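data_6.pdb (PDB, C-alpha atoms and all ligand atoms) appears below.
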```pdb
ATOM      1  CA  MET A 835      19.212  14.486   5.467
ATOM      2  CA  ASN A 836      19.949  13.524   1.870
ATOM      3  CA  HIS A 837      17.436  14.737  -0.656
ATOM      4  CA  PHE A 838      15.983  12.659  -3.481
ATOM      5  CA  GLU A 839      14.193  13.897  -6.539
ATOM      6  CA  LYS A 840      10.441  13.240  -6.730
ATOM      7  CA  ALA A 841       8.058  13.266  -9.671
ATOM      8  CA  SER A 842       4.884  15.223  -9.022
ATOM      9  CA  LEU A 843       2.140  12.620  -9.501
ATOM     10  CA  GLY A 844      -0.301  12.746  -6.601
ATOM     11  CA  ILE A 845      -2.361  15.500  -4.995
ATOM     12  CA  PHE A 846      -0.828  16.052  -1.574
ATOM     13  CA  PRO A 847      -1.486  16.525   1.274
ATOM     14  CA  THR A 848      -4.303  13.990   1.190
ATOM     15  CA  PRO A 849      -7.356  14.673   3.381
ATOM     16  CA  LEU A 850      -7.172  13.776   7.076
ATOM     17  CA  TYR A 851     -10.244  13.947   9.303
ATOM     18  CA  ARG A 852     -12.071  12.367  12.254
ATOM     19  CA  LEU A 853     -14.677   9.644  11.673
ATOM     20  CA  PRO A 854     -17.537  10.609  14.027
ATOM     21  CA  ASN A 855     -19.761   7.540  13.625
ATOM     22  CA  ILE A 856     -16.998   4.979  13.913
ATOM     23  CA  SER A 857     -15.462   6.882  16.839
ATOM     24  CA  ASN A 858     -18.830   6.579  18.517
ATOM     25  CA  ASP A 859     -19.077   2.860  17.711
ATOM     26  CA  LEU A 860     -15.586   1.996  18.924
ATOM     27  CA  GLY A 861     -15.409   4.313  21.948
ATOM     28  CA  THR A 862     -12.225   6.111  20.909
ATOM     29  CA  ASN A 863     -11.300   8.854  18.426
ATOM     30  CA  VAL A 864     -10.762   7.265  15.032
ATOM     31  CA  TRP A 865      -9.289   9.405  12.264
ATOM     32  CA  ILE A 866      -8.513   8.597   8.662
ATOM     33  CA  LYS A 867      -5.704   9.604   6.292
ATOM     34  CA  ARG A 868      -7.154   9.354   2.782
ATOM     35  CA  ASP A 869      -4.226   8.217   0.637
ATOM     36  CA  ASP A 870      -6.910   6.504  -1.451
ATOM     37  CA  LEU A 871      -7.796  10.029  -2.627
ATOM     38  CA  CYS A 872      -4.343  10.944  -3.892
ATOM     39  CA  GLY A 873      -5.573  11.635  -7.403
ATOM     40  CA  VAL A 874      -4.101   9.007  -9.756
ATOM     41  CA  ALA A 875      -6.493   6.338 -11.110
ATOM     42  CA  LEU A 876      -8.194   4.869  -8.016
ATOM     43  CA  GLY A 877      -5.513   6.255  -5.734
ATOM     44  CA  GLY A 878      -3.530   4.389  -3.138
ATOM     45  CA  ASN A 879      -0.224   4.106  -1.358
ATOM     46  CA  LYS A 880       1.841   3.137  -4.405
ATOM     47  CA  VAL A 881       1.703   6.690  -5.787
ATOM     48  CA  ARG A 882       3.935   8.129  -3.041
ATOM     49  CA  LYS A 883       6.495   5.380  -3.728
ATOM     50  CA  LEU A 884       6.283   5.844  -7.492
ATOM     51  CA  GLU A 885       7.022   9.560  -7.188
ATOM     52  CA  TYR A 886      10.528   8.550  -6.069
ATOM     53  CA  LEU A 887      10.956   5.425  -8.185
ATOM     54  CA  LEU A 888       9.874   6.922 -11.507
ATOM     55  CA  ALA A 889      11.886  10.106 -10.919
ATOM     56  CA  ASP A 890      14.895   7.835 -10.414
ATOM     57  CA  ALA A 891      14.101   5.950 -13.652
ATOM     58  CA  LYS A 892      13.739   9.189 -15.595
ATOM     59  CA  ARG A 893      16.921  10.699 -14.152
ATOM     60  CA  GLN A 894      18.860   7.624 -15.259
ATOM     61  CA  GLY A 895      17.432   7.857 -18.778
ATOM     62  CA  TYR A 896      15.170   4.807 -18.749
ATOM     63  CA  ASP A 897      12.056   4.927 -20.916
ATOM     64  CA  LEU A 898      10.765   1.422 -20.194
ATOM     65  CA  VAL A 899       9.528   0.459 -16.748
ATOM     66  CA  MET A 900       8.508  -3.029 -15.621
ATOM     67  CA  THR A 901       6.973  -4.213 -12.430
ATOM     68  CA  THR A 902       5.197  -7.261 -11.069
ATOM     69  CA  GLY A 903       2.587  -8.505  -8.635
ATOM     70  CA  GLN A 904      -0.589 -10.537  -8.688
ATOM     71  CA  ALA A 905      -3.033 -10.363 -11.574
ATOM     72  CA  GLN A 906      -5.095  -7.830  -9.552
ATOM     73  CA  SER A 907      -2.087  -5.844  -8.286
ATOM     74  CA  ASN A 908      -2.991  -2.244  -7.394
ATOM     75  CA  HIS A 909       0.708  -1.475  -7.526
ATOM     76  CA  ALA A 910       1.075  -2.736 -11.109
ATOM     77  CA  MET A 911      -1.957  -0.766 -12.286
ATOM     78  CA  LEU A 912      -0.696   2.423 -10.609
ATOM     79  CA  THR A 913       2.824   1.935 -11.970
ATOM     80  CA  ALA A 914       1.360   1.808 -15.467
ATOM     81  CA  ALA A 915      -0.855   4.857 -14.871
ATOM     82  CA  CYS A 916       2.037   6.906 -13.442
ATOM     83  CA  ALA A 917       4.647   5.784 -16.011
ATOM     84  CA  LEU A 918       2.330   6.564 -18.925
ATOM     85  CA  ARG A 919       1.657  10.010 -17.515
ATOM     86  CA  MET A 920       5.394  10.613 -17.383
ATOM     87  CA  GLY A 921       5.796   9.559 -21.000
ATOM     88  CA  MET A 922       7.495   6.260 -20.243
ATOM     89  CA  ASP A 923       6.530   2.837 -21.549
ATOM     90  CA  CYS A 924       5.355   0.289 -19.020
ATOM     91  CA  MET A 925       5.092  -3.480 -19.169
ATOM     92  CA  LEU A 926       3.552  -5.572 -16.414
ATOM     93  CA  VAL A 927       4.909  -9.063 -15.791
ATOM     94  CA  LEU A 928       2.327 -10.524 -13.443
ATOM     95  CA  LYS A 929       1.771 -13.836 -11.708
ATOM     96  CA  LYS A 930      -0.572 -16.091 -13.613
ATOM     97  CA  ARG A 931      -2.024 -17.648 -10.480
ATOM     98  CA  GLY A 932      -5.307 -16.045  -9.452
ATOM     99  CA  ILE A 933      -5.980 -14.565 -12.861
ATOM    100  CA  THR A 934      -9.709 -13.992 -13.358
ATOM    101  CA  ALA A 935     -11.914 -12.746 -16.135
ATOM    102  CA  ARG A 936     -11.145  -9.116 -17.009
ATOM    103  CA  LYS A 937     -12.243  -7.465 -13.774
ATOM    104  CA  GLY A 938     -11.099  -4.828 -11.320
ATOM    105  CA  ASN A 939      -7.613  -3.499 -12.013
ATOM    106  CA  GLN A 940      -7.350  -5.677 -15.119
ATOM    107  CA  ILE A 941     -10.024  -3.488 -16.715
ATOM    108  CA  LEU A 942      -7.867  -0.426 -16.068
ATOM    109  CA  ASN A 943      -4.741  -2.137 -17.434
ATOM    110  CA  TYR A 944      -6.735  -3.057 -20.527
ATOM    111  CA  LEU A 945      -8.056   0.485 -21.001
ATOM    112  CA  MET A 946      -4.550   1.905 -20.613
ATOM    113  CA  GLY A 947      -3.401  -0.483 -23.320
ATOM    114  CA  VAL A 948      -0.485  -1.745 -21.232
ATOM    115  CA  ASP A 949       1.360  -4.835 -22.359
ATOM    116  CA  VAL A 950       0.612  -7.402 -19.645
ATOM    117  CA  ARG A 951       2.488 -10.717 -19.610
ATOM    118  CA  TYR A 952       1.437 -13.467 -17.240
ATOM    119  CA  VAL A 953       4.087 -15.862 -16.012
ATOM    120  CA  ASP A 954       3.426 -19.229 -14.468
ATOM    121  CA  THR A 955       5.530 -18.956 -11.329
ATOM    122  CA  ASP A 956       5.265 -17.721  -7.763
ATOM    123  CA  ARG A 957       8.964 -16.902  -7.544
ATOM    124  CA  TYR A 958       9.873 -13.264  -7.933
ATOM    125  CA  ASP A 959      13.523 -14.023  -8.845
ATOM    126  CA  GLU A 960      12.206 -15.902 -11.892
ATOM    127  CA  ILE A 961       9.930 -12.983 -12.753
ATOM    128  CA  TYR A 962      12.813 -10.464 -12.588
ATOM    129  CA  GLU A 963      14.858 -12.756 -14.868
ATOM    130  CA  GLU A 964      11.937 -12.856 -17.288
ATOM    131  CA  MET A 965      11.891  -9.029 -17.311
ATOM    132  CA  ASP A 966      15.588  -8.972 -18.225
ATOM    133  CA  ARG A 967      14.987 -11.558 -20.936
ATOM    134  CA  ILE A 968      12.110  -9.533 -22.454
ATOM    135  CA  GLY A 969      14.236  -6.371 -22.270
ATOM    136  CA  ARG A 970      17.134  -8.030 -24.106
ATOM    137  CA  GLN A 971      14.718  -9.322 -26.738
ATOM    138  CA  MET A 972      13.378  -5.797 -27.247
ATOM    139  CA  GLY A 973      16.885  -4.341 -27.182
ATOM    140  CA  ARG A 974      15.862  -1.939 -24.425
ATOM    141  CA  ARG A 975      17.066  -1.137 -20.941
ATOM    142  CA  VAL A 976      14.507  -1.985 -18.309
ATOM    143  CA  TYR A 977      13.946  -0.109 -15.042
ATOM    144  CA  LYS A 978      12.678  -2.878 -12.764
ATOM    145  CA  ILE A 979      10.453  -1.866  -9.886
ATOM    146  CA  PRO A 980      10.165  -4.582  -7.236
ATOM    147  CA  CYS A 981       6.856  -6.017  -6.129
ATOM    148  CA  GLY A 982       4.844  -3.335  -4.302
ATOM    149  CA  GLY A 983       7.555  -0.733  -4.986
ATOM    150  CA  SER A 984       8.885  -1.836  -1.616
ATOM    151  CA  ASN A 985      12.537  -0.940  -1.653
ATOM    152  CA  ALA A 986      14.299   1.751   0.358
ATOM    153  CA  LEU A 987      13.762   4.479  -2.262
ATOM    154  CA  GLY A 988      10.026   3.717  -2.550
ATOM    155  CA  SER A 989       9.607   3.682   1.226
ATOM    156  CA  LEU A 990      10.719   7.325   1.379
ATOM    157  CA  GLY A 991       7.203   8.142   0.173
ATOM    158  CA  TYR A 992       5.843   7.035   3.535
ATOM    159  CA  ILE A 993       8.482   8.911   5.469
ATOM    160  CA  ASP A 994       7.077  11.966   3.643
ATOM    161  CA  CYS A 995       3.556  10.886   4.586
ATOM    162  CA  MET A 996       4.488  10.822   8.289
ATOM    163  CA  LYS A 997       5.897  14.335   7.936
ATOM    164  CA  GLU A 998       2.655  15.366   6.231
ATOM    165  CA  ILE A 999       0.698  13.958   9.216
ATOM    166  CA  ALA A1000       2.999  15.749  11.679
ATOM    167  CA  ASP A1001       2.446  19.020   9.779
ATOM    168  CA  PHE A1002      -1.327  18.539  10.161
ATOM    169  CA  GLY A1003      -0.780  19.377  13.823
ATOM    170  CA  GLN A1004      -3.054  16.848  15.547
ATOM    171  CA  HIS A1005      -1.454  14.448  18.012
ATOM    172  CA  PHE A1006      -2.046  10.760  17.314
ATOM    173  CA  ASP A1007      -1.483   8.034  19.897
ATOM    174  CA  HIS A1008      -1.759   5.227  17.368
ATOM    175  CA  LEU A1009      -1.522   4.729  13.622
ATOM    176  CA  VAL A1010      -2.666   1.565  11.845
ATOM    177  CA  CYS A1011      -1.595   0.642   8.308
ATOM    178  CA  ALA A1012      -1.780  -2.436   6.099
ATOM    179  CA  CYS A1013       1.428  -4.350   5.435
ATOM    180  CA  GLY A1014       1.624  -6.385   2.219
ATOM    181  CA  SER A1015       5.150  -6.096   0.859
ATOM    182  CA  GLY A1016       6.544  -3.971   3.685
ATOM    183  CA  GLY A1017       7.482  -0.642   2.103
ATOM    184  CA  THR A1018       4.580   1.317   3.537
ATOM    185  CA  ALA A1019       5.155  -0.140   6.991
ATOM    186  CA  ALA A1020       8.905   0.553   6.796
ATOM    187  CA  GLY A1021       8.395   4.159   5.687
ATOM    188  CA  SER A1022       5.671   4.704   8.276
ATOM    189  CA  VAL A1023       7.573   3.239  11.224
ATOM    190  CA  LEU A1024      10.806   5.026  10.340
ATOM    191  CA  GLY A1025       8.944   8.216   9.428
ATOM    192  CA  ALA A1026       7.069   8.120  12.737
ATOM    193  CA  LYS A1027      10.387   7.679  14.563
ATOM    194  CA  LEU A1028      11.589  10.887  12.858
ATOM    195  CA  TYR A1029       8.434  13.033  12.825
ATOM    196  CA  LEU A1030       5.809  11.463  15.132
ATOM    197  CA  PRO A1031       7.862  10.096  18.020
ATOM    198  CA  ASP A1032       4.819   9.725  20.310
ATOM    199  CA  THR A1033       2.730   7.752  17.826
ATOM    200  CA  GLN A1034       2.702   3.963  17.968
ATOM    201  CA  VAL A1035       2.516   2.438  14.501
ATOM    202  CA  MET A1036       0.764  -0.907  14.108
ATOM    203  CA  CYS A1037       1.423  -2.806  10.876
ATOM    204  CA  ALA A1038      -1.463  -5.104   9.982
ATOM    205  CA  MET A1039      -0.006  -8.011   8.020
ATOM    206  CA  VAL A1040      -2.160  -9.252   5.138
ATOM    207  CA  ASP A1041       0.167 -12.090   4.152
ATOM    208  CA  ASP A1042       2.510 -14.427   5.990
ATOM    209  CA  ASP A1043       5.900 -13.098   4.860
ATOM    210  CA  PRO A1044       8.490 -12.582   7.650
ATOM    211  CA  PHE A1045       7.828  -8.874   8.182
ATOM    212  CA  ASP A1046       9.813  -8.871  11.431
ATOM    213  CA  VAL A1047      12.836  -9.215   9.114
ATOM    214  CA  ILE A1048      11.610  -7.479   5.927
ATOM    215  CA  VAL A1049      10.409  -4.209   7.505
ATOM    216  CA  PRO A1050      13.579  -3.501   9.556
ATOM    217  CA  HIS A1051      15.681  -4.401   6.494
ATOM    218  CA  ILE A1052      13.924  -1.767   4.345
ATOM    219  CA  MET A1053      14.150   0.737   7.228
ATOM    220  CA  ARG A1054      17.917   0.221   7.589
ATOM    221  CA  GLU A1055      18.443   0.797   3.868
ATOM    222  CA  ALA A1056      16.154   3.835   3.879
ATOM    223  CA  ALA A1057      18.000   5.349   6.854
ATOM    224  CA  GLN A1058      21.249   4.773   4.963
ATOM    225  CA  LEU A1059      19.866   6.462   1.831
ATOM    226  CA  LEU A1060      18.777   9.449   3.882
ATOM    227  CA  GLY A1061      22.040   9.473   5.763
ATOM    228  CA  VAL A1062      20.284   9.641   9.125
ATOM    229  CA  ASP A1063      21.754   7.984  12.166
ATOM    230  CA  VAL A1064      18.728   6.563  14.001
ATOM    231  CA  GLU A1065      18.129   3.434  15.982
ATOM    232  CA  ILE A1066      15.957   1.186  13.792
ATOM    233  CA  PRO A1067      12.690   0.588  15.667
ATOM    234  CA  VAL A1068      11.181  -2.877  16.091
ATOM    235  CA  PRO A1069       7.918  -2.795  14.114
ATOM    236  CA  GLU A1070       4.712  -3.719  15.897
ATOM    237  CA  LEU A1071       2.963  -6.353  13.806
ATOM    238  CA  LEU A1072      -0.585  -7.691  13.882
ATOM    239  CA  ASP A1073      -1.715 -10.730  11.888
ATOM    240  CA  VAL A1074      -4.919  -9.949   9.982
ATOM    241  CA  CYS A1075      -4.278 -12.286   7.040
ATOM    242  CA  GLY A1076      -7.129 -14.721   7.792
ATOM    243  CA  PRO A1077      -7.502 -17.469   5.178
ATOM    244  CA  GLY A1078      -4.617 -16.169   3.041
ATOM    245  CA  TYR A1079      -3.210 -13.307   0.998
ATOM    246  CA  SER A1080      -5.876 -11.756  -1.252
ATOM    247  CA  ILE A1081      -8.512 -14.209   0.025
ATOM    248  CA  PRO A1082     -11.258 -12.188   1.736
ATOM    249  CA  SER A1083     -11.711 -12.760   5.471
ATOM    250  CA  GLU A1084     -15.029 -12.608   7.308
ATOM    251  CA  GLU A1085     -13.577 -10.062   9.736
ATOM    252  CA  GLY A1086     -12.260  -7.964   6.835
ATOM    253  CA  ASN A1087     -15.566  -8.032   4.954
ATOM    254  CA  ALA A1088     -17.414  -6.941   8.100
ATOM    255  CA  ALA A1089     -14.951  -4.058   8.486
ATOM    256  CA  ILE A1090     -15.530  -3.036   4.843
ATOM    257  CA  ALA A1091     -19.298  -3.067   5.423
ATOM    258  CA  MET A1092     -18.949  -1.011   8.619
ATOM    259  CA  MET A1093     -16.764   1.656   7.000
ATOM    260  CA  LEU A1094     -19.121   1.979   4.039
ATOM    261  CA  ARG A1095     -22.348   2.056   6.073
ATOM    262  CA  ARG A1096     -21.096   4.319   8.840
ATOM    263  CA  GLU A1097     -18.776   6.705   6.976
ATOM    264  CA  GLY A1098     -19.388   6.177   3.248
ATOM    265  CA  ILE A1099     -15.780   5.148   2.647
ATOM    266  CA  VAL A1100     -14.789   2.246   0.377
ATOM    267  CA  LEU A1101     -12.174  -0.228   1.611
ATOM    268  CA  ASP A1102     -10.899  -3.345  -0.198
ATOM    269  CA  THR A1103     -10.824  -7.075   0.550
ATOM    270  CA  CYS A1104      -7.084  -7.657   0.137
ATOM    271  CA  TYR A1105      -5.548  -4.891   2.296
ATOM    272  CA  THR A1106      -7.536  -2.083   3.858
ATOM    273  CA  GLY A1107     -10.590  -4.102   4.969
ATOM    274  CA  LYS A1108      -8.344  -6.520   6.832
ATOM    275  CA  ALA A1109      -6.190  -3.715   8.268
ATOM    276  CA  PHE A1110      -9.258  -1.841   9.489
ATOM    277  CA  ALA A1111     -10.536  -5.119  10.993
ATOM    278  CA  GLY A1112      -7.264  -5.157  12.934
ATOM    279  CA  LEU A1113      -7.996  -1.668  14.271
ATOM    280  CA  ILE A1114     -11.516  -2.754  15.296
ATOM    281  CA  ARG A1115     -10.098  -5.862  16.985
ATOM    282  CA  GLN A1116      -7.603  -3.728  18.925
ATOM    283  CA  ALA A1117     -10.340  -1.286  19.971
ATOM    284  CA  ARG A1118     -12.595  -4.113  21.156
ATOM    285  CA  ALA A1119      -9.685  -5.638  23.078
ATOM    286  CA  GLY A1120      -9.280  -2.343  24.983
ATOM    287  CA  ALA A1121      -5.982  -1.303  23.387
ATOM    288  CA  TYR A1122      -7.206   2.303  22.942
ATOM    289  CA  LYS A1123      -8.388   4.676  25.675
ATOM    290  CA  PRO A1124     -11.551   6.763  25.076
ATOM    291  CA  GLU A1125      -9.473   9.944  24.791
ATOM    292  CA  ASP A1126      -6.904   8.379  22.421
ATOM    293  CA  ASN A1127      -6.584   9.510  18.812
ATOM    294  CA  VAL A1128      -6.158   6.571  16.455
ATOM    295  CA  LEU A1129      -5.287   7.214  12.821
ATOM    296  CA  PHE A1130      -6.173   4.708  10.117
ATOM    297  CA  LEU A1131      -4.046   5.005   6.990
ATOM    298  CA  HIS A1132      -6.298   4.312   3.997
ATOM    299  CA  THR A1133      -3.926   2.886   1.403
ATOM    300  CA  GLY A1134      -6.474   2.545  -1.427
ATOM    301  CA  GLY A1135      -7.245  -0.651  -3.330
ATOM    302  CA  ALA A1136     -10.803   0.009  -4.561
ATOM    303  CA  GLY A1137     -10.116  -1.757  -7.883
ATOM    304  CA  GLY A1138      -9.637  -5.093  -6.172
ATOM    305  CA  LEU A1139     -13.063  -4.900  -4.553
ATOM    306  CA  PHE A1140     -14.632  -5.164  -7.987
ATOM    307  CA  ALA A1141     -12.596  -8.217  -8.927
ATOM    308  CA  GLN A1142     -14.228 -10.243  -6.152
ATOM    309  CA  ASP A1143     -17.165 -12.532  -6.695
ATOM    310  CA  TRP A1144     -19.818 -11.453  -4.194
ATOM    311  CA  GLU A1145     -22.534 -13.814  -5.447
ATOM    312  CA  GLY A1146     -24.217 -16.271  -3.119
ATOM    313  CA  THR A1147     -24.159 -14.232   0.078
ATOM    314  CA  GLU A1148     -27.665 -13.841   1.463
ATOM    315  CA  THR A1149     -27.046 -11.163   4.064
ATOM    316  CA  SER A1150     -24.405  -8.472   3.969
ATOM    317  CA  PRO A1151     -21.480  -8.886   6.396
ATOM    318  CA  ARG A1152     -21.731  -7.617   9.975
ATOM    319  CA  PHE A1153     -19.320  -7.209  12.812
ATOM    320  CA  ALA A1154     -20.200  -9.358  15.827
TER
HETATM  321  C1  LIG B   1       0.185  -2.533  -1.802
HETATM  322  C2  LIG B   1      -0.946  -2.147  -0.914
HETATM  323  C3  LIG B   1      -0.805  -2.130   0.485
HETATM  324  C4  LIG B   1       0.417  -2.631   1.197
HETATM  325  O1  LIG B   1       1.498  -1.796   1.081
HETATM  326  P1  LIG B   1       2.972  -2.403   1.072
HETATM  327  O2  LIG B   1       3.831  -1.237   1.015
HETATM  328  O3  LIG B   1       3.046  -3.287  -0.131
HETATM  329  O4  LIG B   1       3.135  -3.218   2.312
HETATM  330  C5  LIG B   1      -1.866  -1.693   1.252
HETATM  331  N1  LIG B   1      -3.022  -1.307   0.672
HETATM  332  C6  LIG B   1      -3.200  -1.327  -0.658
HETATM  333  C7  LIG B   1      -4.503  -0.927  -1.199
HETATM  334  C8  LIG B   1      -2.170  -1.747  -1.492
HETATM  335  O5  LIG B   1      -2.367  -1.774  -2.825
END
```
Rendering of file as structure tokens:
Amino acid sequence: MNHFEKASLGIFPTPLYRLPNISNDLGTNVWIKRDDLCGVALGGNKVRKLEYLLADAKRQGYDLVMTTGQAQSNHAMLTAACALRMGMDCMLVLKKRGITARKGNQILNYLMGVDVRYVDTDRYDEIYEEMDRIGRQMGRRVYKIPCGGSNALGSLGYIDCMKEIADFGQHFDHLVCACGSGGTAAGSVLGAKLYLPDTQVMCAMVDDDPFDVIVPHIMREAAQLLGVDVEIPVPELLDVCGPGYSIPSEEGNAAIAMMLRREGIVLDTCYTGKAFAGLIRQARAGAYKPEDNVLFLHTGGAGGLFAQDWEGTETSPRFA
């Protein structure tokens, strides 16, 4: 397999352990992989991707990194935190839509003193053009990281994560992860094919992009990068989006409440709450046997939880 340079940014391996209360509640063995505890800012899945992406930027001599996402993007915040640590400049060119008062990840961007530009478009091609334009204006070369860090190089971080899980030595029948821009799902499905061949990976989709096309596309490119000759698996997808991307769902909020009350673990409204709701839904539908081991990949996102407006709810959410 081809080898790619990685920056050392996170604390790995992240903790992995069984959740006794939730296992009891759901009638199967539920485990958690705490990539939220990977040690940079509020943690999360983007750090594994950025270890590859920023090493690539550095190797090629870039000292200005730009990325994009929503106003509350965990990925953008973590890109800034990681780039700054590596002594590179970072500018965030974010979507204007959904911008709130300075809350959640925006507080962290503000404290880091990152230059944040908001652009009034939903089209990423226009945003990447804007990055080039700003770069030319500044007379600097720009290393552009795509939304979510979800290209083939970034996805290698989750191939590593699957190897890390295999090295832990516990067999898992199922793994559930959130899928927002597809890189984590691609790395996890391809990584499982290589290192956890008996584990079924379920990608819980938190937006309505065509992941049946996007995820295999990233996997094909990642396999090519690695120089491995594998059959590209068909990803198993579950729709947990609810009312829309980044709009909290009732099911997701109930899952957040359950995880916090029963295990003291914080999930978020945009990704991990909805993904965990998908796991609960599967368990309730009888998809897991009592003796099965089901691993939930906690991809982080705590910052976003504190950007939500929780006023006006009388009782806290509950799962039916
Ligand atoms: C970005 C993100 C995801 C989704 O990962 P993708 O690789 O973009 O699909 C899941 N959880 C959190 C907290 C995220 O920030």
task = Residues up to 8 Å from ligand LIG 1 (chain B), counting only C-alpha atoms and all ligand atoms: could you list those as a PyMOL selection string?
result = chain A and resi 870+878-880+907-909+981-984+989+1011-1020+1102+1104-1106+1132-1136
Written file, previous selection with C-alpha atoms, as a tab-separated table (two decimals), in the coordinates of the input:
```
chain	number	residue	atom	x	y	z
A	870	ASP	CA	-6.91	6.50	-1.45
A	878	GLY	CA	-3.53	4.39	-3.14
A	879	ASN	CA	-0.22	4.11	-1.36
A	880	LYS	CA	1.84	3.14	-4.40
A	907	SER	CA	-2.09	-5.84	-8.29
A	908	ASN	CA	-2.99	-2.24	-7.39
A	909	HIS	CA	0.71	-1.48	-7.53
A	981	CYS	CA	6.86	-6.02	-6.13
A	982	GLY	CA	4.84	-3.34	-4.30
A	983	GLY	CA	7.56	-0.73	-4.99
A	984	SER	CA	8.88	-1.84	-1.62
A	989	SER	CA	9.61	3.68	1.23
A	1011	CYS	CA	-1.60	0.64	8.31
A	1012	ALA	CA	-1.78	-2.44	6.10
A	1013	CYS	CA	1.43	-4.35	5.44
A	1014	GLY	CA	1.62	-6.38	2.22
A	1015	SER	CA	5.15	-6.10	0.86
A	1016	GLY	CA	6.54	-3.97	3.68
A	1017	GLY	CA	7.48	-0.64	2.10
A	1018	THR	CA	4.58	1.32	3.54
A	1019	ALA	CA	5.16	-0.14	6.99
A	1020	ALA	CA	8.90	0.55	6.80
A	1102	ASP	CA	-10.90	-3.34	-0.20
A	1104	CYS	CA	-7.08	-7.66	0.14
A	1105	TYR	CA	-5.55	-4.89	2.30
A	1106	THR	CA	-7.54	-2.08	3.86
A	1132	HIS	CA	-6.30	4.31	4.00
A	1133	THR	CA	-3.93	2.89	1.40
A	1134	GLY	CA	-6.47	2.54	-1.43
A	1135	GLY	CA	-7.24	-0.65	-3.33
A	1136	ALA	CA	-10.80	0.01	-4.56
```
task = Just say which residues the PyMOL selection byres (((chain A and resi 868) around 7) and not hetatm) picks in this file, as a ChimeraX atom specification.
result = /A:848-850,866-867,869-871,1131-1132
Extending 5 Å beyond the listed atoms of stretch 911-915 of chain A on each side, what axis-aligned box results? I want centre and edge lengths in Å to one decimal, as lines of an AutoDock Vina configuration file.
```
center_x = 0.4
center_y = 2.0
center_z = -13.0
size_x = 14.8
size_y = 15.6
size_z = 14.9
```
key: Picked residues, the PyMOL selection byres (((chain A and resi 942) around 10) and not hetatm), expected as a PyMOL selection string   = chain A and resi 875-876+911-912+914-915+936-941+943-948+1137
query = Taking the file as shown, what set of residues would the PyMOL selection byres (((chain A and resi 1063) around 12) and not hetatm) give back, as a list in words?
reply = Met835, Asn836, Leu1024, Lys1027, Leu1028, Met1053, Arg1054, Glu1055, Ala1056, Ala1057, Gln1058, Leu1059, Leu1060, Gly1061, Val1062, Val1064, Glu1065 and Ile1066 of chain A
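Using only C-alpha atoms, the nearest neighbour of A:Val881 within the list A:Phe1140, A:Tyr1122, A:Tyr992, A:Tyr952 is A:Tyr992.
The coordinates place atom CA of A:His1008 at 11.1 Å from atom CA of A:Ala1117.
With distances taken over all atoms listed in the file, A:Pro1067 is the one residue among A:Gly877, A:Gly861, A:Gly1086, A:Pro1067 lying closest to A:Val1047.
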request  = Take atom CA of A:Gln1116 and atom CA of A:Arg1096 and report the distance between them in Å, one decimal.
outcome  = 18.7 Å
task = Around the point (-16.8, 11.8, 16.1), in the coordinates given by the file, pick out the residues reaching within 12 Å, counting all atoms listed in the file, and return them as an NGL selection string.
result = :A and (851-866 or 1096-1097 or 1124-1125 or 1127-1128)
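Rounded to one decimal, atom CA of A:Leu898 and atom CA of A:Arg951 lie 14.7 Å from each other.
Proximity to stretch 1074-1085 of chain A at 8 Å, evaluated using only C-alpha atoms and with sequence-adjacent residues fewer than 4 positions away removed, yields Ala1038, Met1039, Val1040, Asp1041, Asp1042, Ala1089, Thr1103, Cys1104, Tyr1105, Lys1108, Ala1109, Ala1111, Gly1112, Pro1151 and Phe1153 of chain A.
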message = Need the shell around A:Ser1022: protein/DNA/RNA residues with any atom at most 8 Å away, counting only C-alpha atoms. Skip same-chain ones fewer than 5 positions apart. Format as a VMD selection string?
response = chain A and resid 992 to 993 995 to 996 1035
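In this comparison, which uses only C-alpha atoms, the residue of A:Ile933, A:Met972, A:Cys924, A:Ala986 approaching A:Lys883 most closely is A:Ala986.
Distance check against A:Ile999 using only C-alpha atoms: of A:Ile1048, A:Leu1129, A:Leu1071, A:Val1100, the minimum falls on A:Leu1129.
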inquiry  = I'd like the contact shell of A:Asp1007 - 7 Å cut-off, only C-alpha atoms, skipping same-chain residues fewer than 2 positions apart - returned as number ranges by chain.
reply    = A: 1005, 1032-1034, 1126-1128
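Nearest-residue note for A:Tyr886: choosing from A:Val927, A:Ile968, A:Leu1009, A:Leu987, the minimum distance belongs to A:Leu987, counting all atoms listed in the file.
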